[in-house]
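Take a look at the structure below.
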Amino acid sequence: MEVEIKKISVVMCTYNGARFIREQLDSILNQTYPIYELIVQDDCSTDETVEIVKEYQVRFSQVDIKIYINEKNLGFNRNFLTAIQKAKGEYIAIADQDDIWYKYKIEKQIETIGNKNLCCSAYDVGEYYDDKNKQTLIPLFNSERLIFANTIPGHTMLVRRSFLLDLIIGVIIFIMIGG
């Protein structure tokens, strides 16, 4: 039986993230589930962020890594809003430049999402532990995060593209009518 591979677009916005970005790119590009495209939109960095992403574009040529550089600084929210609209995959995973993903994050989220529009994963904001200590945290990949968490960070989400684009259009309309 052939398993259908869902197209996953990872959207990452960057701004002066050179000191973090290699580890995050490694964690995204070494996922156990294939990444269809990685969209990196830079918000006018003055460090080596863009050059580092270009290095990865060459090293990981099997993944469609797209780099966009804003002409002017848009700020965090507008940068993500415009970057997300460039995604072509069926699902969008939002990535912050300073995170490190568990290697099976996307695989577990694809297993979990089913016909739902969104699923979230748990994340660790504490110390990193090595496997010798057997203290590595196992993330949760289910909808309980929506019920029991005060906020759901974007970097934990896998969202159906059509659902997310509908939300963005709603936000834009709300802003335009003076909401």
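Convention: chains lettered A, B, ... in structure tokens order; per-chain residue numbering from 1; ligands numbered from 1 as shown.
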
Please, which residues in region 22-62 of chain A fall within 8 Å of region 7-14 of chain A when counting only C-alpha atoms, and what is the closest atom pair and distance in Å to one decimal for each, ordered by chain then residue number, as CSV?
residue,atom,partner,partner_atom,distance
A:Pro34,CA,A:Ile8,CA,7.6
A:Ile35,CA,A:Ile8,CA,5.4
A:Tyr36,CA,A:Ile8,CA,5.1
A:Glu37,CA,A:Ser9,CA,4.8
A:Leu38,CA,A:Val10,CA,4.8
A:Ile39,CA,A:Val11,CA,4.8
A:Val40,CA,A:Met12,CA,4.9
A:Gln41,CA,A:Cys13,CA,4.8
A:Asp42,CA,A:Thr14,CA,4.6
A:Asp43,CA,A:Thr14,CA,6.1
A:Ser45,CA,A:Thr14,CA,7.5
A:Thr49,CA,A:Thr14,CA,7.5

Filtering to C-alpha atoms, could you give me those residues as a PDB file, in the first residue's frame?
ATOM      1  CA  PRO A  34       9.941  15.243   3.734  1.00  0.00           C
ATOM      2  CA  ILE A  35       9.670  19.008   3.432  1.00  0.00           C
ATOM      3  CA  TYR A  36       8.168  20.161   0.126  1.00  0.00           C
ATOM      4  CA  GLU A  37       9.420  23.735   0.380  1.00  0.00           C
ATOM      5  CA  LEU A  38      11.089  26.032   2.862  1.00  0.00           C
ATOM      6  CA  ILE A  39      10.206  29.699   2.551  1.00  0.00           C
ATOM      7  CA  VAL A  40      12.553  32.056   4.352  1.00  0.00           C
ATOM      8  CA  GLN A  41      11.553  35.715   4.355  1.00  0.00           C
ATOM      9  CA  ASP A  42      14.135  38.073   5.783  1.00  0.00           C
ATOM     10  CA  ASP A  43      13.092  41.397   7.297  1.00  0.00           C
ATOM     11  CA  SER A  45      18.803  41.709   8.493  1.00  0.00           C
ATOM     12  CA  THR A  49      21.401  35.543   8.125  1.00  0.00           C
TER      13      THR A  49
END

Original post:
Given the choices A:Leu81, A:Ile110, A:Ala87, A:Val3, which gets closest to Lys66 (chain A) if the distance is worked out from only C-alpha atoms?
Top reply: A:Ala87
